[in-house]
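Data file: structure-v9.cif. Format and content: mmCIF, C-alpha atoms and all ligand atoms.
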```cif
data_protein
loop_
_atom_site.label_atom_id
_atom_site.label_comp_id
_atom_site.auth_asym_id
_atom_site.auth_seq_id
_atom_site.Cartn_x
_atom_site.Cartn_y
_atom_site.Cartn_z
CA MET E 99 -46.51 1.11 -96.12
CA SER E 100 -44.19 3.82 -94.75
CA ALA E 101 -42.23 3.07 -91.62
CA ILE E 102 -43.65 4.11 -88.27
CA PRO E 103 -41.70 7.09 -86.86
CA GLN E 104 -39.67 6.61 -83.72
CA ILE E 105 -38.81 8.96 -80.87
CA SER E 106 -35.85 8.91 -78.51
CA LEU E 107 -36.16 7.92 -74.88
CA GLY E 108 -34.11 9.77 -72.27
CA ASP E 109 -31.67 6.85 -72.20
CA GLY E 110 -30.99 7.30 -75.92
CA ARG E 111 -32.90 4.27 -77.18
CA LYS E 112 -35.60 4.66 -79.82
CA ILE E 113 -39.25 3.61 -79.61
CA PRO E 114 -41.97 3.55 -82.33
CA VAL E 115 -44.65 6.16 -81.60
CA VAL E 116 -47.59 3.78 -81.84
CA ALA E 117 -47.93 0.49 -79.99
CA TYR E 118 -50.27 -2.46 -80.20
CA GLY E 119 -51.55 -3.40 -76.73
CA PHE E 120 -52.19 -6.89 -75.39
CA GLY E 121 -54.50 -5.72 -72.57
CA THR E 122 -58.25 -4.91 -72.72
CA ALA E 123 -59.61 -7.08 -75.56
CA ASN E 124 -56.72 -9.59 -75.32
CA LEU E 125 -56.69 -9.77 -71.50
CA GLY E 126 -56.30 -13.39 -70.36
CA LYS E 127 -56.95 -14.65 -73.88
CA ASP E 128 -54.87 -16.64 -76.32
CA SER E 129 -53.14 -13.84 -78.22
CA THR E 130 -51.21 -15.90 -80.76
CA ASP E 131 -53.32 -14.74 -83.70
CA ALA E 132 -53.46 -11.18 -82.35
CA THR E 133 -49.66 -11.05 -82.25
CA VAL E 134 -49.37 -12.30 -85.82
CA LEU E 135 -52.09 -9.88 -86.95
CA ALA E 136 -50.49 -6.82 -85.30
CA LEU E 137 -47.07 -7.61 -86.76
CA SER E 138 -48.50 -8.36 -90.21
CA GLN E 139 -50.23 -4.95 -90.16
CA GLY E 140 -46.90 -3.23 -89.52
CA TYR E 141 -46.93 -2.70 -85.74
CA ARG E 142 -43.45 -3.04 -84.27
CA ASN E 143 -44.07 -1.73 -80.75
CA LEU E 144 -45.88 -4.34 -78.64
CA ASP E 145 -47.22 -3.61 -75.16
CA GLY E 146 -47.65 -6.63 -72.89
CA ALA E 147 -47.91 -7.10 -69.13
CA GLU E 148 -47.71 -9.73 -66.41
CA TYR E 149 -51.30 -8.74 -65.55
CA TYR E 150 -52.58 -9.60 -69.05
CA ALA E 151 -51.76 -13.29 -68.50
CA ASN E 152 -51.18 -14.05 -72.18
CA ASP E 153 -47.38 -14.15 -72.51
CA VAL E 154 -47.12 -17.79 -73.62
CA SER E 155 -49.47 -17.18 -76.54
CA ILE E 156 -47.69 -13.95 -77.47
CA GLY E 157 -44.42 -15.93 -77.50
CA LEU E 158 -46.01 -18.37 -79.94
CA GLY E 159 -47.23 -15.47 -82.08
CA LEU E 160 -43.78 -13.89 -82.13
CA GLU E 161 -42.31 -17.19 -83.26
CA ARG E 162 -44.97 -17.66 -85.91
CA ALA E 163 -44.68 -14.12 -87.32
CA LYS E 164 -40.95 -14.55 -88.01
CA ILE E 165 -40.13 -10.84 -87.78
CA PRO E 166 -36.45 -10.28 -86.84
CA ARG E 167 -36.21 -9.65 -83.10
CA GLU E 168 -34.26 -6.42 -83.58
CA GLU E 169 -37.20 -4.92 -85.52
CA ILE E 170 -39.58 -5.35 -82.57
CA PHE E 171 -39.82 -3.11 -79.51
CA TYR E 172 -41.33 -5.32 -76.81
CA SER E 173 -42.54 -3.91 -73.47
CA THR E 174 -43.88 -5.69 -70.45
CA LYS E 175 -45.07 -4.51 -67.03
CA CYS E 176 -44.71 -5.92 -63.54
CA CYS E 177 -47.71 -6.14 -61.20
CA SER E 178 -46.39 -8.62 -58.63
CA GLN E 179 -44.17 -8.08 -55.60
CA ASP E 180 -41.06 -9.52 -57.24
CA PRO E 181 -40.00 -7.69 -60.42
CA ARG E 182 -37.04 -10.03 -60.88
CA ALA E 183 -39.08 -13.24 -60.78
CA ALA E 184 -41.81 -11.65 -62.93
CA LEU E 185 -39.36 -10.64 -65.65
CA HIS E 186 -37.67 -14.05 -65.71
CA LYS E 187 -41.10 -15.69 -66.01
CA ALA E 188 -42.13 -13.32 -68.82
CA LEU E 189 -38.92 -13.86 -70.78
CA LYS E 190 -39.32 -17.63 -70.53
CA ALA E 191 -42.95 -17.48 -71.71
CA LEU E 192 -42.19 -15.02 -74.50
CA LYS E 193 -39.05 -16.94 -75.49
CA LEU E 194 -37.07 -13.69 -75.51
CA GLU E 195 -33.62 -12.98 -74.11
CA CYS E 196 -34.60 -9.47 -73.04
CA VAL E 197 -37.45 -6.99 -73.33
CA ASP E 198 -36.95 -3.50 -74.68
CA LEU E 199 -38.88 -1.85 -71.85
CA TYR E 200 -39.86 -3.01 -68.37
CA LEU E 201 -42.46 -0.98 -66.49
CA LEU E 202 -43.73 -1.01 -62.91
CA HIS E 203 -47.46 -1.26 -63.71
CA SER E 204 -48.69 0.91 -60.83
CA PRO E 205 -47.19 2.48 -57.70
CA LEU E 206 -49.88 0.66 -55.71
CA PHE E 207 -48.68 -2.82 -56.70
CA PHE E 208 -45.67 -2.96 -54.34
CA PRO E 209 -47.02 -2.58 -50.80
CA ASP E 210 -44.56 -5.09 -49.32
CA ILE E 211 -41.23 -4.21 -50.90
CA GLY E 212 -42.08 -0.56 -51.65
CA VAL E 213 -41.79 1.28 -54.96
CA SER E 214 -38.24 2.42 -54.26
CA ARG E 215 -36.97 -1.17 -53.85
CA ALA E 216 -39.03 -2.39 -56.82
CA TRP E 217 -37.38 0.32 -58.93
CA GLU E 218 -33.92 -0.61 -57.63
CA ILE E 219 -34.56 -4.17 -58.86
CA CYS E 220 -35.54 -2.77 -62.28
CA GLU E 221 -32.24 -0.86 -62.33
CA GLU E 222 -30.38 -4.11 -61.57
CA LEU E 223 -32.28 -5.98 -64.29
CA GLN E 224 -31.36 -3.25 -66.77
CA GLN E 225 -27.71 -3.53 -65.75
CA GLU E 226 -27.91 -7.28 -66.29
CA GLY E 227 -29.26 -6.73 -69.81
CA LEU E 228 -32.64 -8.38 -69.22
CA CYS E 229 -34.48 -5.15 -70.10
CA LYS E 230 -32.98 -2.39 -72.19
CA SER E 231 -35.02 0.51 -70.81
CA ILE E 232 -37.04 0.85 -67.61
CA GLY E 233 -40.07 2.93 -66.78
CA VAL E 234 -43.33 3.20 -64.88
CA SER E 235 -47.07 3.23 -65.49
CA ASN E 236 -49.94 4.97 -63.74
CA PHE E 237 -47.57 7.12 -61.68
CA ARG E 238 -48.92 10.51 -60.55
CA ILE E 239 -46.69 13.55 -60.10
CA LYS E 240 -46.30 12.73 -56.41
CA ASP E 241 -45.29 9.14 -57.23
CA LEU E 242 -42.68 10.35 -59.72
CA GLN E 243 -41.35 12.92 -57.28
CA ALA E 244 -40.96 10.25 -54.59
CA LEU E 245 -39.27 7.86 -57.02
CA LEU E 246 -36.83 10.46 -58.32
CA LYS E 247 -35.56 11.03 -54.75
CA THR E 248 -33.93 7.58 -54.68
CA ALA E 249 -33.70 6.49 -58.33
CA LYS E 250 -30.28 6.13 -59.92
CA VAL E 251 -31.93 5.77 -63.34
CA LYS E 252 -34.75 8.13 -64.33
CA PRO E 253 -37.85 6.34 -65.71
CA ALA E 254 -37.68 6.44 -69.51
CA ILE E 255 -41.49 6.36 -69.76
CA ASN E 256 -44.62 6.93 -67.73
CA GLN E 257 -47.59 5.14 -69.31
CA PHE E 258 -51.05 6.38 -68.24
CA GLU E 259 -54.61 6.84 -69.49
CA LEU E 260 -55.21 9.95 -71.57
CA HIS E 261 -58.04 11.15 -73.80
CA PRO E 262 -59.96 14.42 -73.97
CA TYR E 263 -62.23 13.50 -71.02
CA LEU E 264 -59.12 13.25 -68.80
CA TYR E 265 -57.12 16.14 -70.16
CA LYS E 266 -58.25 18.67 -67.55
CA GLN E 267 -57.06 16.25 -64.84
CA GLU E 268 -53.86 15.05 -66.49
CA ALA E 269 -52.50 18.24 -68.11
CA PRO E 270 -50.21 18.88 -65.08
CA LEU E 271 -48.84 15.30 -65.31
CA VAL E 272 -48.26 15.70 -69.05
CA ASP E 273 -46.40 18.93 -68.33
CA TYR E 274 -44.38 17.39 -65.45
CA CYS E 275 -43.24 14.43 -67.58
CA LYS E 276 -42.23 16.73 -70.43
CA ARG E 277 -40.26 19.05 -68.10
CA ASN E 278 -38.47 16.09 -66.54
CA GLY E 279 -37.58 14.28 -69.76
CA ILE E 280 -39.90 11.35 -69.08
CA ILE E 281 -41.52 10.21 -72.34
CA ILE E 282 -45.29 9.88 -72.07
CA ALA E 283 -47.02 6.74 -73.29
CA THR E 284 -50.80 6.80 -73.23
CA PHE E 285 -53.66 4.35 -73.48
CA GLY E 286 -57.41 4.85 -73.79
CA SER E 287 -57.22 7.40 -76.64
CA LEU E 288 -60.42 6.13 -78.21
CA THR E 289 -62.48 6.28 -75.01
CA PRO E 290 -64.79 9.09 -76.29
CA LEU E 291 -65.84 6.63 -79.02
CA THR E 292 -65.99 3.51 -76.85
CA ALA E 293 -66.53 3.41 -73.08
CA ALA E 294 -67.56 7.09 -72.85
CA LYS E 295 -69.38 7.51 -76.14
CA ASP E 296 -72.29 9.93 -76.67
CA GLY E 297 -70.63 12.72 -74.71
CA PRO E 298 -70.15 16.48 -75.00
CA LEU E 299 -67.17 16.08 -77.36
CA ASP E 300 -69.19 14.35 -80.10
CA ASP E 301 -70.11 17.43 -82.17
CA THR E 302 -66.57 18.84 -82.12
CA LEU E 303 -65.03 15.47 -82.88
CA HIS E 304 -67.25 14.98 -85.91
CA LYS E 305 -66.65 18.58 -87.01
CA VAL E 306 -62.85 18.12 -86.87
CA ALA E 307 -63.17 14.77 -88.62
CA GLY E 308 -65.16 16.49 -91.39
CA GLU E 309 -62.65 19.36 -91.66
CA THR E 310 -59.66 17.05 -91.90
CA GLY E 311 -61.19 14.20 -93.90
CA TYR E 312 -60.06 11.65 -91.30
CA THR E 313 -62.18 9.46 -89.00
CA PRO E 314 -63.07 10.47 -85.41
CA GLY E 315 -60.80 7.66 -84.17
CA GLN E 316 -57.89 9.01 -86.19
CA VAL E 317 -58.56 12.52 -84.86
CA LEU E 318 -58.44 11.22 -81.27
CA LEU E 319 -55.18 9.33 -81.86
CA LYS E 320 -53.63 12.39 -83.54
CA TRP E 321 -54.84 14.68 -80.74
CA THR E 322 -53.24 12.44 -78.11
CA PHE E 323 -49.99 12.24 -80.05
CA GLN E 324 -49.77 16.01 -80.53
CA VAL E 325 -50.65 16.78 -76.90
CA THR E 326 -48.03 14.42 -75.46
CA GLY E 327 -45.38 14.12 -78.17
CA GLY E 328 -45.05 10.55 -76.93
CA VAL E 329 -46.16 7.00 -77.61
CA VAL E 330 -49.81 6.02 -78.14
CA VAL E 331 -50.87 2.50 -77.19
CA THR E 332 -54.00 1.26 -78.91
CA THR E 333 -55.54 -1.99 -80.02
CA SER E 334 -58.08 -3.61 -82.32
CA ALA E 335 -58.96 -7.13 -83.34
CA LYS E 336 -59.64 -5.97 -86.90
CA ALA E 337 -57.02 -5.58 -89.63
CA ALA E 338 -58.84 -2.63 -91.24
CA ARG E 339 -58.91 -0.72 -87.94
CA LEU E 340 -55.28 -1.52 -87.23
CA GLN E 341 -54.45 0.08 -90.57
CA GLU E 342 -56.72 3.07 -89.79
CA GLN E 343 -54.96 3.53 -86.44
CA LEU E 344 -51.50 3.74 -88.04
CA VAL E 345 -52.41 6.61 -90.38
CA PRO E 346 -52.29 9.42 -87.73
CA PHE E 347 -48.66 8.52 -87.04
CA ILE E 348 -47.51 8.13 -90.62
CA SER E 349 -49.28 10.45 -93.03
CA MET E 350 -52.09 12.45 -91.37
CA PRO E 351 -51.29 16.19 -91.22
CA ASP E 352 -51.16 17.80 -87.78
CA LEU E 353 -54.39 19.12 -86.29
CA THR E 354 -54.36 22.90 -86.02
CA GLN E 355 -53.91 24.48 -82.59
CA TYR E 356 -57.50 25.72 -82.94
CA GLN E 357 -58.74 22.13 -83.45
CA ILE E 358 -56.65 20.84 -80.52
CA ASP E 359 -57.98 23.59 -78.25
CA ALA E 360 -61.58 23.05 -79.41
CA ILE E 361 -61.29 19.37 -78.44
CA VAL E 362 -59.95 20.34 -75.01
CA GLN E 363 -62.61 23.03 -74.42
CA ASN E 364 -65.54 20.87 -75.46
CA SER E 365 -64.45 17.96 -73.27
CA ARG E 366 -64.12 19.94 -70.04
CA SER E 367 -67.63 19.26 -68.79
CA ARG E 368 -67.00 15.52 -68.59
CA HIS E 369 -64.56 13.51 -66.48
CA TYR E 370 -64.21 9.85 -67.35
CA ARG E 371 -61.56 7.38 -66.20
CA GLY E 372 -61.64 3.74 -67.27
CA PHE E 373 -58.62 2.48 -65.35
CA PHE E 374 -56.70 3.07 -62.11
CA PRO E 375 -58.89 5.41 -60.02
CA HIS E 376 -55.89 6.29 -57.79
CA MET E 377 -54.79 8.63 -60.60
CA ASP E 378 -57.59 10.99 -59.47
CA GLU E 379 -56.28 11.14 -55.89
N1 LIG E 401 -50.72 0.60 -68.36
C1 LIG E 401 -51.97 0.34 -68.09
O1 LIG E 401 -52.38 0.33 -66.93
C2 LIG E 401 -52.94 0.08 -69.21
C3 LIG E 401 -54.33 0.11 -68.98
C4 LIG E 401 -55.18 -0.11 -70.07
C5 LIG E 401 -54.68 -0.38 -71.33
N2 LIG E 401 -53.32 -0.42 -71.51
C6 LIG E 401 -52.75 -0.76 -72.84
O2 LIG E 401 -53.35 0.00 -73.84
C7 LIG E 401 -53.87 -0.86 -74.85
C8 LIG E 401 -55.02 -0.20 -75.52
O3 LIG E 401 -56.17 -0.34 -74.69
P1 LIG E 401 -57.27 0.76 -74.58
O4 LIG E 401 -58.26 0.26 -73.60
O5 LIG E 401 -56.59 2.02 -74.35
O6 LIG E 401 -57.89 0.74 -76.01
P2 LIG E 401 -58.28 1.96 -76.95
O7 LIG E 401 -57.13 2.22 -77.85
O8 LIG E 401 -58.89 3.09 -76.21
O9 LIG E 401 -59.45 1.27 -77.73
C9 LIG E 401 -59.28 0.07 -78.40
C10 LIG E 401 -60.64 -0.61 -78.46
O10 LIG E 401 -61.55 0.25 -79.14
C11 LIG E 401 -62.13 -0.41 -80.22
N3 LIG E 401 -62.08 0.54 -81.34
C12 LIG E 401 -61.03 0.86 -82.10
N4 LIG E 401 -61.36 1.82 -82.99
C13 LIG E 401 -62.64 2.09 -82.75
C14 LIG E 401 -63.56 3.00 -83.34
N5 LIG E 401 -63.19 3.80 -84.34
N6 LIG E 401 -64.81 3.04 -82.86
C15 LIG E 401 -65.18 2.23 -81.85
N7 LIG E 401 -64.36 1.34 -81.25
C16 LIG E 401 -63.11 1.29 -81.71
C17 LIG E 401 -61.34 -1.65 -80.50
O11 LIG E 401 -62.24 -2.70 -80.78
P3 LIG E 401 -62.19 -3.54 -82.14
O12 LIG E 401 -61.36 -4.73 -81.86
O13 LIG E 401 -63.64 -3.87 -82.37
O14 LIG E 401 -61.63 -2.66 -83.22
C18 LIG E 401 -60.58 -1.91 -79.20
O15 LIG E 401 -61.23 -2.87 -78.40
C19 LIG E 401 -54.16 -2.16 -74.10
O16 LIG E 401 -54.26 -3.26 -74.94
C20 LIG E 401 -52.98 -2.22 -73.18
O17 LIG E 401 -51.85 -2.74 -73.86
C21 LIG E 401 -52.46 -0.19 -70.49
#
```
Can the structure from this file be put into structure tokens for me?
Amino acid sequence: MSAIPQISLGDGRKIPVVAYGFGTANLGKDSTDATVLALSQGYRNLDGAEYYANDVSIGLGLERAKIPREEIFYSTKCCSQDPRAALHKALKALKLECVDLYLLHSPLFFPDIGVSRAWEICEELQQEGLCKSIGVSNFRIKDLQALLKTAKVKPAINQFELHPYLYKQEAPLVDYCKRNGIIIATFGSLTPLTAAKDGPLDDTLHKVAGETGYTPGQVLLKWTFQVTGGVVVTTSAKAARLQEQLVPFISMPDLTQYQIDAIVQNSRSRHYRGFFPHMDE
């Protein structure tokens, strides 16, 4: 299998363009086998979180898979009021000395200390070498603007939900992140086939799949990648699907601009958000 391409973060570090996520289907579950499966299928970018409550099992999976640490890009996210304590706890559970990326999971998760102080702690943790890069998740333009007023380090990444049924809403955020050198990481790419299936995009999606010879899922992953130029976080419990989901990032030719635009146009009549309703405010 060819290697997964990487892109550069604003801080100069590199990140593989597709990640395997430990949320949704793995949430709160023993993820030992899932970790071994994802790594055996070639995934080297792993997306965990304090909220997913499965770090100990992921640590066991990392141990069992025996992939050299330097080959793995490991991210985790903080959802509690104390980013320092949360990272120390995660590192202990994962049996890692540092993570590659530490994200504030949502701007709404820090009502006591405030986002600005939470970010300052992330900056300190980066200085101390406990996380190599730092970033945010589910931040709107206004949240990023507020953060950038006090931040010494610009977030390397903003991770948020994106698929065609959210593009109308999130196009300005995509544009803002690109203009400000914040790499976009997205989740929920497959939503038009899963939580929001049987929608107005179906005909176009199947038409583009037929034109390209790839599956509707691969078309959605490729669309997301081309629209953002960033990292796509996905997941599956099945080896065959994990293989299918790598293809758009390794060997699938680009969608044409006409196909990208057709997907946007034929999704406009539907708005669907699976996570973090504050993103619509
Ligand atoms: N930062 C955040 O706030 C946040 C929020 C949500 C998620 N995430 C991250 O993103 C990761 C991905 O989650 P997601 O919810 O965005 O998942 P997704 O990539 O939209 O979809 C993955 C799910 O779709 C199913 N699937 C895959 N291919 C399919 C196909 N062709 N047809 C129908 N179903 C298919 C998989 O089930 P099978 O196992 O059956 O293949 C899997 O459960 C999470 O694990 C998490 O790491 C982050």
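Pairwise distance (atom O6 of ligand LIG 401 (chain E), CA of Leu271 in chain E) equals 20.2 Å.
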Separation of CA of Ser365 in chain E from CA of Asn143 in chain E, in Å and rounded to one decimal:
29.3 Å
So that all listed atoms of range 176-179 of chain E fit with 5 Å spare on each side, what axis-aligned box centre and edge lengths in Å, to one decimal, would you give as lines of an AutoDock Vina configuration file?
```
center_x = -45.9
center_y = -7.3
center_z = -59.6
size_x = 13.5
size_y = 12.7
size_z = 17.9
```
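Using only C-alpha atoms for every distance, the candidate list E:Ala188, E:Ala293, E:Cys196, E:Leu137 yields E:Ala188 as the residue closest to Tyr149 in chain E.
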Could you tell me how far CA of Gln341 in chain E lies from CA of Pro103 in chain E, in Å and to one decimal?
15.0 Å
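Considering all atoms listed in the file, the residue among E:Phe323, E:Phe373, E:Phe171, E:Phe347 positioned nearest to ligand LIG 401 (chain E) is E:Phe373.
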Protein and nucleic acid residues near (-56.5, 15.4, -80.0) (cut-off 10 Å, all atoms listed in the file) as an mmCIF file with C-alpha atoms, in the frame of the given file:
```
data_model
loop_
_atom_site.group_PDB
_atom_site.id
_atom_site.type_symbol
_atom_site.label_atom_id
_atom_site.label_comp_id
_atom_site.auth_asym_id
_atom_site.auth_seq_id
_atom_site.Cartn_x
_atom_site.Cartn_y
_atom_site.Cartn_z
ATOM 1 C CA HIS E 261 -58.040 11.150 -73.800
ATOM 2 C CA PRO E 262 -59.960 14.420 -73.970
ATOM 3 C CA TYR E 265 -57.120 16.140 -70.160
ATOM 4 C CA SER E 287 -57.220 7.400 -76.640
ATOM 5 C CA LEU E 303 -65.030 15.470 -82.880
ATOM 6 C CA VAL E 306 -62.850 18.120 -86.870
ATOM 7 C CA PRO E 314 -63.070 10.470 -85.410
ATOM 8 C CA GLY E 315 -60.800 7.660 -84.170
ATOM 9 C CA GLN E 316 -57.890 9.010 -86.190
ATOM 10 C CA VAL E 317 -58.560 12.520 -84.860
ATOM 11 C CA LEU E 318 -58.440 11.220 -81.270
ATOM 12 C CA LEU E 319 -55.180 9.330 -81.860
ATOM 13 C CA LYS E 320 -53.630 12.390 -83.540
ATOM 14 C CA TRP E 321 -54.840 14.680 -80.740
ATOM 15 C CA THR E 322 -53.240 12.440 -78.110
ATOM 16 C CA PHE E 323 -49.990 12.240 -80.050
ATOM 17 C CA GLN E 324 -49.770 16.010 -80.530
ATOM 18 C CA VAL E 325 -50.650 16.780 -76.900
ATOM 19 C CA THR E 326 -48.030 14.420 -75.460
ATOM 20 C CA ASP E 352 -51.160 17.800 -87.780
ATOM 21 C CA LEU E 353 -54.390 19.120 -86.290
ATOM 22 C CA THR E 354 -54.360 22.900 -86.020
ATOM 23 C CA GLN E 355 -53.910 24.480 -82.590
ATOM 24 C CA GLN E 357 -58.740 22.130 -83.450
ATOM 25 C CA ILE E 358 -56.650 20.840 -80.520
ATOM 26 C CA ASP E 359 -57.980 23.590 -78.250
ATOM 27 C CA ALA E 360 -61.580 23.050 -79.410
ATOM 28 C CA ILE E 361 -61.290 19.370 -78.440
ATOM 29 C CA VAL E 362 -59.950 20.340 -75.010
#
```
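Using only C-alpha atoms for every distance, the candidate list E:Gly279, E:Pro290, E:Gly212, E:Gly227 yields E:Gly212 as the residue closest to Thr248 in chain E.
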Exercise answer, 7 Å around ligand LIG 401 (chain E) with all atoms listed in the file, as a PyMOL selection string
chain E and resi 118-124+145-146+203+235-236+257-259+285-289+291-292+314-315+331-336+339+373
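Nearest-residue note for Thr284 in chain E: choosing from E:Val329, E:Cys176, E:Ala136, E:Leu223, the minimum distance belongs to E:Val329, counting only C-alpha atoms.
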Contacts of range 128-135 of chain E at 7 Å or less, counting all atoms listed in the file, minus same-chain residues fewer than 5 places along, as a PyMOL selection string?
chain E and resi 152+155-156+158-160+162-163+335
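Nearest residue to Tyr274 in chain E among E:Thr302, E:Gln243, E:Gln179, E:Thr174 is E:Gln243, counting only C-alpha atoms.
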Contacts of Phe237 in chain E at 8 Å (all atoms listed in the file; same-chain gap of 2+ positions) as an mmCIF file with C-alpha atoms, keeping the file's coordinate frame:
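So the final result, stored in around12.cif, reads:
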```
data_model
loop_
_atom_site.group_PDB
_atom_site.id
_atom_site.type_symbol
_atom_site.label_atom_id
_atom_site.label_comp_id
_atom_site.auth_asym_id
_atom_site.auth_seq_id
_atom_site.Cartn_x
_atom_site.Cartn_y
_atom_site.Cartn_z
ATOM 1 C CA SER E 204 -48.690 0.910 -60.830
ATOM 2 C CA PRO E 205 -47.190 2.480 -57.700
ATOM 3 C CA VAL E 234 -43.330 3.200 -64.880
ATOM 4 C CA SER E 235 -47.070 3.230 -65.490
ATOM 5 C CA ILE E 239 -46.690 13.550 -60.100
ATOM 6 C CA LYS E 240 -46.300 12.730 -56.410
ATOM 7 C CA ASP E 241 -45.290 9.140 -57.230
ATOM 8 C CA LEU E 242 -42.680 10.350 -59.720
ATOM 9 C CA ASN E 256 -44.620 6.930 -67.730
ATOM 10 C CA GLN E 257 -47.590 5.140 -69.310
ATOM 11 C CA PHE E 258 -51.050 6.380 -68.240
ATOM 12 C CA MET E 377 -54.790 8.630 -60.600
#
```
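For the residues E:Ala183, E:Leu228, E:Met350, E:Ala244, ranking by smallest atom-to-atom distance to Ala307 in chain E using only C-alpha atoms places E:Met350 first.
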Written coordinates, N, CA, C and O atoms of range 160-171 of chain E as a compact mmCIF listing (two decimals), in the first residue's frame:
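Output (result.txt):
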```txt
# COMPACT_ATOMS: atom_id res chain seq x y z
N LEU E 160 -2.09 0.44 21.18
CA LEU E 160 -0.83 0.99 20.65
C LEU E 160 0.33 0.05 21.01
O LEU E 160 1.20 -0.23 20.19
N GLU E 161 0.29 -0.43 22.23
CA GLU E 161 1.34 -1.36 22.68
C GLU E 161 1.32 -2.63 21.85
O GLU E 161 2.33 -3.11 21.37
N ARG E 162 0.09 -3.13 21.66
CA ARG E 162 -0.07 -4.42 20.96
C ARG E 162 0.31 -4.32 19.48
O ARG E 162 0.84 -5.26 18.91
N ALA E 163 0.06 -3.17 18.87
CA ALA E 163 0.29 -3.03 17.43
C ALA E 163 1.78 -2.93 17.08
O ALA E 163 2.18 -3.21 15.95
N LYS E 164 2.57 -2.48 18.06
CA LYS E 164 4.03 -2.43 17.88
C LYS E 164 4.49 -1.63 16.66
O LYS E 164 5.42 -2.00 15.96
N ILE E 165 3.81 -0.54 16.39
CA ILE E 165 4.25 0.38 15.33
C ILE E 165 5.17 1.41 16.00
O ILE E 165 4.83 1.93 17.06
N PRO E 166 6.34 1.71 15.41
CA PRO E 166 7.22 2.70 16.05
C PRO E 166 6.49 4.02 16.34
O PRO E 166 5.75 4.50 15.48
N ARG E 167 6.70 4.53 17.54
CA ARG E 167 5.98 5.74 17.96
C ARG E 167 6.13 6.88 16.96
O ARG E 167 5.18 7.62 16.71
N GLU E 168 7.33 7.02 16.38
CA GLU E 168 7.56 8.16 15.50
C GLU E 168 6.76 8.06 14.19
O GLU E 168 6.61 9.04 13.47
N GLU E 169 6.20 6.89 13.91
CA GLU E 169 5.38 6.74 12.69
C GLU E 169 3.93 7.14 12.92
O GLU E 169 3.13 7.21 11.99
N ILE E 170 3.57 7.35 14.19
CA ILE E 170 2.16 7.62 14.51
C ILE E 170 1.97 9.09 14.88
O ILE E 170 2.73 9.65 15.67
N PHE E 171 0.93 9.70 14.30
CA PHE E 171 0.53 11.06 14.69
C PHE E 171 -0.69 10.89 15.60
O PHE E 171 -1.76 10.50 15.17
```
